[in-house]
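Working notes, structure below.
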Amino acid sequence: MNGPSLALRQRSLGAPATEFPLFPPLTRGCPETSTDEIAYPLEITYDYGRVDRRLFEQEPGTDIARWSPLLPPLEAPTLGEGGTPLVEFDGIFVKDESRNPTWSHKDRLNRVAVSAAVASGAPGVVVASSGNHGASAAAYAARAGLPAIVLASADSPPAVQAFVRAYGAKVVSVPAEARWPLLREVVDRLGYHPVSNQTVTHTGHPFGPEGYKTIAYELFLQLGGVPAAVFTPTGYAELLYGVWKGFVELRLLGLADAVPRMFSCETAAGGPHARALATGAPAAIVELGASDAYGIAGPVGGHRGVVAVRDSGGEALLLTDEELRAAQRDLAARGLWQELSGAAGLAGHRKLRRDFDGPVVCVATSSGFKDLGVGAERFPVLEHPTLDDLAPDA
């Protein structure tokens, strides 16, 4: 039932009739449809006619290899990614991706992307990241026996840098604007496999969003059907696109008759996908303001997010740090401590203030310990504590 991968080819999102072999992964976007201003990503096509529908009758569990026919070849060992819980409160569901091995959704992407590095015979993996992606890539590279280079921005949280180094990666802190030229040089001169973006607008790794599809598969089983709406924290929109594509495949396989509305939840300090959707552009680059939600704050968008929101009938939502903090506090009060960026799904749903005819899912992406300033605060010590000091309102 699980069996080998049924992946066939890479296909351009700029022109779906334009296809390429499955390998090598085209990590610099579509070479035929991209321009100097817009880079179009690739997606993966499958032999859907050979998919055994019993794949979606399995018991829940970790390791996304349970979906192997609908993923690119998984050559890297698992760390137990996937199978995250769905927590209900206040009439909505929160998909808690902080329960993954490195405490973020990025583990689903990196199981697939590092597998591509192994299958390609690359001598190592390189990633430009200041947080979750770098830690996850380093962990999966270590599990696969590959060295990893992580190009981190100089202002990334020290705790997160220590987290990345713990996996044995070579972590180099450089100015943010220097990361991308240096990444391309590592790829070109050392032959390392990139799991980060290399293009003018975001394309990233063509295999990456395939890992995120598994969230849709899990939601389908956990809910017993398709939700009415899904709200996702959105930086480059690989997560948003992957979840949307997973539901599109369920419909294509005849297992579902609808696709949820997809809502991108971006920081108001940037919001390139909101800009692209508002202007009708395939992708956009914006000026980035200040935000503590560094996990989703970025000036560069990509075509994937535009496709997912537009074709699902969803919307792009812009959120202030104050709105994100309010959602973060509410999640923590219910036992779910999320990074500020990870609370964007709930913040987006609350900002929209709309009722839906069916379940609503807010994806929560990452543990709160990765936030800026975590661990720096000092708390007073009670030299002579009494029971009165322990009262709830003390």
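Every chain in the structure tokens takes a letter, A first, then B, and so on in the order presented; its residues are numbered from 1, and the ligands are numbered from 1 following the presented order.
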
* Asked: Excluding same-chain residues fewer than 6 positions from stretch 329-338 of chain A, what lies within 7 Å of it counting only C-alpha atoms, as a PyMOL selection string?
  -> chain A and resi 364+366-368

Any chance you can output those residues with N, CA, C and O atoms as a tab-separated table (two decimals), in the first residue's frame?
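File selection-v4.tsv, as written:
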```tsv
chain	number	residue	atom	x	y	z
A	364	ALA	N	-0.25	25.98	13.57
A	364	ALA	CA	0.70	26.61	14.47
A	364	ALA	C	2.05	25.94	14.25
A	364	ALA	O	2.16	24.72	14.36
A	366	SER	N	5.64	26.50	15.29
A	366	SER	CA	6.94	26.37	15.94
A	366	SER	C	6.90	26.69	17.43
A	366	SER	O	6.13	27.54	17.87
A	367	SER	N	7.79	26.06	18.18
A	367	SER	CA	7.86	26.25	19.62
A	367	SER	C	8.26	27.67	20.01
A	367	SER	O	9.12	28.29	19.38
A	368	GLY	N	7.67	28.15	21.09
A	368	GLY	CA	7.94	29.50	21.55
A	368	GLY	C	9.35	29.73	22.04
A	368	GLY	O	9.79	30.89	22.16
```

* Using only C-alpha atoms, determine which residues lie at most 8 Å from stretch 43-50 of chain A, disregarding the query and same-chain residues fewer than 4 positions distant; provide the list as a PyMOL selection string. => chain A and resi 6-13+22+70+72+206-207+210+253

* To do: Figure out the distance between atom CA of A:Leu318 and atom CA of A:Asp357, please, to one decimal in Å.
  =>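 Computing it gives 23.4 Å between the two atoms.
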
Could you give me, as CSV, every stretch 146-214 of chain A residue with an atom at most 9 Å from stretch 372-375 of chain A, plus its closest atom pair and distance in Å to one decimal, counting only C-alpha atoms, rows ordered by chain then number?
```
residue,atom,partner,partner_atom,distance
A:Ser156,CA,A:Leu372,CA,7.8
A:Pro157,CA,A:Leu372,CA,5.6
A:Pro158,CA,A:Leu372,CA,8.7
A:Ala159,CA,A:Val374,CA,7.9
```

Let's have the selection written as a PDB file, in the first residue's frame, with N, CA and C atoms.
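Contents of out-v8.pdb, as written:
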```pdb
ATOM      1  N   SER A 156      20.226  36.752  14.499  1.00  0.00           N
ATOM      2  CA  SER A 156      19.343  35.639  14.856  1.00  0.00           C
ATOM      3  C   SER A 156      19.526  35.296  16.330  1.00  0.00           C
ATOM      4  N   PRO A 157      18.502  34.758  16.986  1.00  0.00           N
ATOM      5  CA  PRO A 157      18.575  34.487  18.420  1.00  0.00           C
ATOM      6  C   PRO A 157      19.737  33.558  18.777  1.00  0.00           C
ATOM      7  N   PRO A 158      20.539  33.903  19.790  1.00  0.00           N
ATOM      8  CA  PRO A 158      21.665  33.044  20.191  1.00  0.00           C
ATOM      9  C   PRO A 158      21.224  31.625  20.547  1.00  0.00           C
ATOM     10  N   ALA A 159      20.048  31.483  21.185  1.00  0.00           N
ATOM     11  CA  ALA A 159      19.579  30.143  21.551  1.00  0.00           C
ATOM     12  C   ALA A 159      19.351  29.289  20.315  1.00  0.00           C
TER      13      ALA A 159
END
```

So that each row is one residue of stretch 150-264 of chain A with an atom at most 9 Å from stretch 81-90 of chain A, can you give its shortest atom pair and the distance in Å to one decimal, using only C-alpha atoms, rows by chain and rising number, as CSV?
```
residue,atom,partner,partner_atom,distance
A:Thr214,CA,A:Gly82,CA,7.5
A:Ile215,CA,A:Gly82,CA,7.6
A:Glu218,CA,A:Gly83,CA,7.0
A:Leu219,CA,A:Leu86,CA,7.9
A:Gln222,CA,A:Leu86,CA,7.3
A:Leu223,CA,A:Leu86,CA,8.8
```

Tell me, counting only C-alpha atoms, for each residue of stretch 84-193 of chain A within 12 Å of stretch 286-306 of chain A, which pair of atoms is nearest and how far apart they are in Å to one decimal, in rows ordered by chain and increasing number, as a Markdown table.
```
| residue | atom | partner | partner_atom | distance |
| --- | --- | --- | --- | --- |
| A:Ser104 | CA | A:Gly295 | CA | 11.0 |
| A:His105 | CA | A:Gly295 | CA | 11.8 |
| A:Lys106 | CA | A:Gly295 | CA | 11.3 |
| A:Ser129 | CA | A:Gly295 | CA | 9.3 |
| A:Ser130 | CA | A:Gly295 | CA | 8.0 |
| A:Gly131 | CA | A:Gly295 | CA | 7.0 |
| A:Asn132 | CA | A:Gly295 | CA | 7.7 |
| A:His133 | CA | A:Gly295 | CA | 9.3 |
| A:Gly134 | CA | A:Gly295 | CA | 11.4 |
| A:Ser153 | CA | A:Tyr294 | CA | 11.0 |
| A:Asp155 | CA | A:Tyr294 | CA | 10.2 |
| A:Ser156 | CA | A:Tyr294 | CA | 8.6 |
| A:Pro157 | CA | A:Tyr294 | CA | 10.0 |
| A:Val160 | CA | A:Gly295 | CA | 11.8 |
| A:Ala176 | CA | A:Gly298 | CA | 11.2 |
| A:Glu177 | CA | A:Pro299 | CA | 12.0 |
```

* **Contacts of A:Thr203 within 6 Å, only C-alpha atoms, excl. fewer than 3 positions in-chain, as a list in words** => Gly29, Pro41 and Asn197 of chain A

* Backbone DSSP call of alpha helix (DSSP H) for stretch 37-110 of chain A, listed as a VMD selection string -> chain A and resid 106 to 110

* Asked: Residues at most 10 Å from A:Glu37, counting only C-alpha atoms, excluding those fewer than 4 positions away in the same chain, as number ranges by chain?
  -> A: 199-201, 283-285

Could you turn the residues from that selection into a file that holds N, CA and C atoms, as a compact mmCIF listing (two decimals), in the first residue's frame?
```txt
# COMPACT_ATOMS: atom_id res chain seq x y z
N THR A 199 16.64 32.53 -5.94
CA THR A 199 16.09 33.28 -7.07
C THR A 199 15.52 34.63 -6.65
N VAL A 200 15.23 35.48 -7.63
CA VAL A 200 14.83 36.86 -7.37
C VAL A 200 13.51 36.94 -6.62
N THR A 201 12.49 36.20 -7.04
CA THR A 201 11.32 35.94 -6.21
C THR A 201 11.41 34.48 -5.78
N ALA A 283 4.03 37.45 -8.42
CA ALA A 283 4.81 37.48 -7.18
C ALA A 283 5.24 38.92 -6.95
N ALA A 284 5.67 39.21 -5.74
CA ALA A 284 6.02 40.60 -5.43
C ALA A 284 7.19 40.65 -4.45
N ILE A 285 7.89 41.79 -4.50
CA ILE A 285 8.94 42.12 -3.53
C ILE A 285 8.54 43.45 -2.90
```

* Extract, using only C-alpha atoms, all DNA, RNA and protein residues at most 12 Å from A:His205, discarding same-chain residues fewer than 2 positions from it, and format them as a PyMOL selection string. => chain A and resi 10+24-30+40-44+109-110+112-117+126-127+193-199+202-203+207-211+236+238+304

* To do: From stretch 203-278 of chain A, collect each residue whose DSSP state is strand (DSSP E) and return the set as a PyMOL selection string.
  => chain A and resi 229-233+261-267

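Our summary of the geometry notes that atom CA of A:Arg350 is positioned 13.6 Å from atom CA of A:Glu315.
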
* Would you kindly return, as JSON, numbers by chain, each protein, DNA or RNA residue with an atom no farther than 12 Å from any atom of A:Val118, considering only C-alpha atoms and excluding same-chain residues fewer than 3 positions away? => {"A": [23, 24, 25, 73, 74, 75, 76, 77, 110, 111, 112, 113, 114, 115, 121, 122, 123, 124, 125, 140, 141, 142, 143, 144, 145, 146, 147, 192, 193, 194]}

Would you export the selected residues with N, CA and C atoms as a PDB file, in the first residue's frame, please?
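Written file, result_31.pdb:
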```pdb
ATOM      1  N   PHE A  23      14.819  14.318 -11.688  1.00  0.00           N
ATOM      2  CA  PHE A  23      16.172  14.679 -11.242  1.00  0.00           C
ATOM      3  C   PHE A  23      16.961  15.215 -12.420  1.00  0.00           C
ATOM      4  N   PRO A  24      17.864  16.183 -12.149  1.00  0.00           N
ATOM      5  CA  PRO A  24      18.150  16.802 -10.851  1.00  0.00           C
ATOM      6  C   PRO A  24      17.083  17.819 -10.467  1.00  0.00           C
ATOM      7  N   PRO A  25      16.846  18.027  -9.163  1.00  0.00           N
ATOM      8  CA  PRO A  25      15.903  19.064  -8.742  1.00  0.00           C
ATOM      9  C   PRO A  25      16.371  20.439  -9.224  1.00  0.00           C
ATOM     10  N   PRO A  73      11.123  10.455  -3.875  1.00  0.00           N
ATOM     11  CA  PRO A  73      11.818   9.356  -3.182  1.00  0.00           C
ATOM     12  C   PRO A  73      12.424   9.812  -1.854  1.00  0.00           C
ATOM     13  N   LEU A  74      12.143   9.078  -0.790  1.00  0.00           N
ATOM     14  CA  LEU A  74      12.624   9.422   0.552  1.00  0.00           C
ATOM     15  C   LEU A  74      13.887   8.615   0.842  1.00  0.00           C
ATOM     16  N   GLU A  75      15.031   9.203   0.509  1.00  0.00           N
ATOM     17  CA  GLU A  75      16.313   8.519   0.681  1.00  0.00           C
ATOM     18  C   GLU A  75      16.967   8.850   2.017  1.00  0.00           C
ATOM     19  N   ALA A  76      16.531   9.897   2.681  1.00  0.00           N
ATOM     20  CA  ALA A  76      17.077  10.263   3.990  1.00  0.00           C
ATOM     21  C   ALA A  76      16.274   9.587   5.090  1.00  0.00           C
ATOM     22  N   PRO A  77      16.932   9.135   6.157  1.00  0.00           N
ATOM     23  CA  PRO A  77      16.202   8.473   7.252  1.00  0.00           C
ATOM     24  C   PRO A  77      15.262   9.444   7.967  1.00  0.00           C
ATOM     25  N   ASN A 110      12.257  19.283   5.228  1.00  0.00           N
ATOM     26  CA  ASN A 110      13.653  18.852   5.165  1.00  0.00           C
ATOM     27  C   ASN A 110      13.809  17.347   5.044  1.00  0.00           C
ATOM     28  N   ARG A 111      12.834  16.561   5.498  1.00  0.00           N
ATOM     29  CA  ARG A 111      12.918  15.125   5.214  1.00  0.00           C
ATOM     30  C   ARG A 111      12.941  14.898   3.703  1.00  0.00           C
ATOM     31  N   VAL A 112      12.160  15.676   2.982  1.00  0.00           N
ATOM     32  CA  VAL A 112      12.065  15.524   1.534  1.00  0.00           C
ATOM     33  C   VAL A 112      13.261  16.165   0.828  1.00  0.00           C
ATOM     34  N   ALA A 113      13.634  17.382   1.247  1.00  0.00           N
ATOM     35  CA  ALA A 113      14.713  18.097   0.570  1.00  0.00           C
ATOM     36  C   ALA A 113      16.069  17.442   0.811  1.00  0.00           C
ATOM     37  N   VAL A 114      16.334  16.987   2.033  1.00  0.00           N
ATOM     38  CA  VAL A 114      17.597  16.300   2.307  1.00  0.00           C
ATOM     39  C   VAL A 114      17.623  14.945   1.601  1.00  0.00           C
ATOM     40  N   SER A 115      16.460  14.327   1.447  1.00  0.00           N
ATOM     41  CA  SER A 115      16.395  13.099   0.641  1.00  0.00           C
ATOM     42  C   SER A 115      16.857  13.358  -0.787  1.00  0.00           C
ATOM     43  N   GLY A 121      23.510  12.494  -4.682  1.00  0.00           N
ATOM     44  CA  GLY A 121      24.919  12.243  -4.402  1.00  0.00           C
ATOM     45  C   GLY A 121      25.679  13.482  -3.987  1.00  0.00           C
ATOM     46  N   ALA A 122      24.998  14.468  -3.436  1.00  0.00           N
ATOM     47  CA  ALA A 122      25.640  15.717  -3.026  1.00  0.00           C
ATOM     48  C   ALA A 122      26.564  15.475  -1.833  1.00  0.00           C
ATOM     49  N   PRO A 123      27.685  16.221  -1.759  1.00  0.00           N
ATOM     50  CA  PRO A 123      28.613  16.037  -0.633  1.00  0.00           C
ATOM     51  C   PRO A 123      28.135  16.685   0.656  1.00  0.00           C
ATOM     52  N   GLY A 124      27.086  17.512   0.586  1.00  0.00           N
ATOM     53  CA  GLY A 124      26.588  18.189   1.780  1.00  0.00           C
ATOM     54  C   GLY A 124      25.360  19.006   1.452  1.00  0.00           C
ATOM     55  N   VAL A 125      24.855  19.682   2.478  1.00  0.00           N
ATOM     56  CA  VAL A 125      23.645  20.493   2.375  1.00  0.00           C
ATOM     57  C   VAL A 125      23.972  21.909   2.836  1.00  0.00           C
ATOM     58  N   TYR A 140      18.395  16.937   9.856  1.00  0.00           N
ATOM     59  CA  TYR A 140      18.162  15.886   8.855  1.00  0.00           C
ATOM     60  C   TYR A 140      19.431  15.569   8.076  1.00  0.00           C
ATOM     61  N   ALA A 141      20.298  16.569   7.886  1.00  0.00           N
ATOM     62  CA  ALA A 141      21.596  16.281   7.270  1.00  0.00           C
ATOM     63  C   ALA A 141      22.424  15.376   8.174  1.00  0.00           C
ATOM     64  N   ALA A 142      22.435  15.679   9.475  1.00  0.00           N
ATOM     65  CA  ALA A 142      23.170  14.843  10.424  1.00  0.00           C
ATOM     66  C   ALA A 142      22.634  13.412  10.420  1.00  0.00           C
ATOM     67  N   ARG A 143      21.315  13.274  10.394  1.00  0.00           N
ATOM     68  CA  ARG A 143      20.695  11.943  10.383  1.00  0.00           C
ATOM     69  C   ARG A 143      21.088  11.165   9.130  1.00  0.00           C
ATOM     70  N   ALA A 144      21.288  11.888   8.022  1.00  0.00           N
ATOM     71  CA  ALA A 144      21.653  11.243   6.755  1.00  0.00           C
ATOM     72  C   ALA A 144      23.158  11.099   6.582  1.00  0.00           C
ATOM     73  N   GLY A 145      23.931  11.589   7.548  1.00  0.00           N
ATOM     74  CA  GLY A 145      25.385  11.484   7.454  1.00  0.00           C
ATOM     75  C   GLY A 145      26.023  12.497   6.531  1.00  0.00           C
ATOM     76  N   LEU A 146      25.349  13.623   6.319  1.00  0.00           N
ATOM     77  CA  LEU A 146      25.877  14.666   5.433  1.00  0.00           C
ATOM     78  C   LEU A 146      26.292  15.894   6.246  1.00  0.00           C
ATOM     79  N   PRO A 147      27.401  16.536   5.884  1.00  0.00           N
ATOM     80  CA  PRO A 147      27.730  17.812   6.528  1.00  0.00           C
ATOM     81  C   PRO A 147      26.744  18.896   6.094  1.00  0.00           C
ATOM     82  N   TYR A 192      27.432  21.585  -2.864  1.00  0.00           N
ATOM     83  CA  TYR A 192      26.449  21.280  -1.827  1.00  0.00           C
ATOM     84  C   TYR A 192      25.029  21.458  -2.371  1.00  0.00           C
ATOM     85  N   HIS A 193      24.112  20.696  -1.810  1.00  0.00           N
ATOM     86  CA  HIS A 193      22.718  20.742  -2.247  1.00  0.00           C
ATOM     87  C   HIS A 193      21.997  21.841  -1.476  1.00  0.00           C
ATOM     88  N   PRO A 194      21.398  22.829  -2.172  1.00  0.00           N
ATOM     89  CA  PRO A 194      20.736  23.932  -1.478  1.00  0.00           C
ATOM     90  C   PRO A 194      19.311  23.567  -1.075  1.00  0.00           C
TER      91      PRO A 194
END
```

* Suppose you want the space between atom CA of A:Val186 and atom CA of A:Gly168; what is it in Å? -> 17.8 Å

* Using only C-alpha atoms, which residues sit within 12 Å of A:Gly358 once same-chain residues fewer than 2 positions away are excluded, as a ChimeraX atom specification? -> /A:91-93,223-230,258-261,354-356,360-361
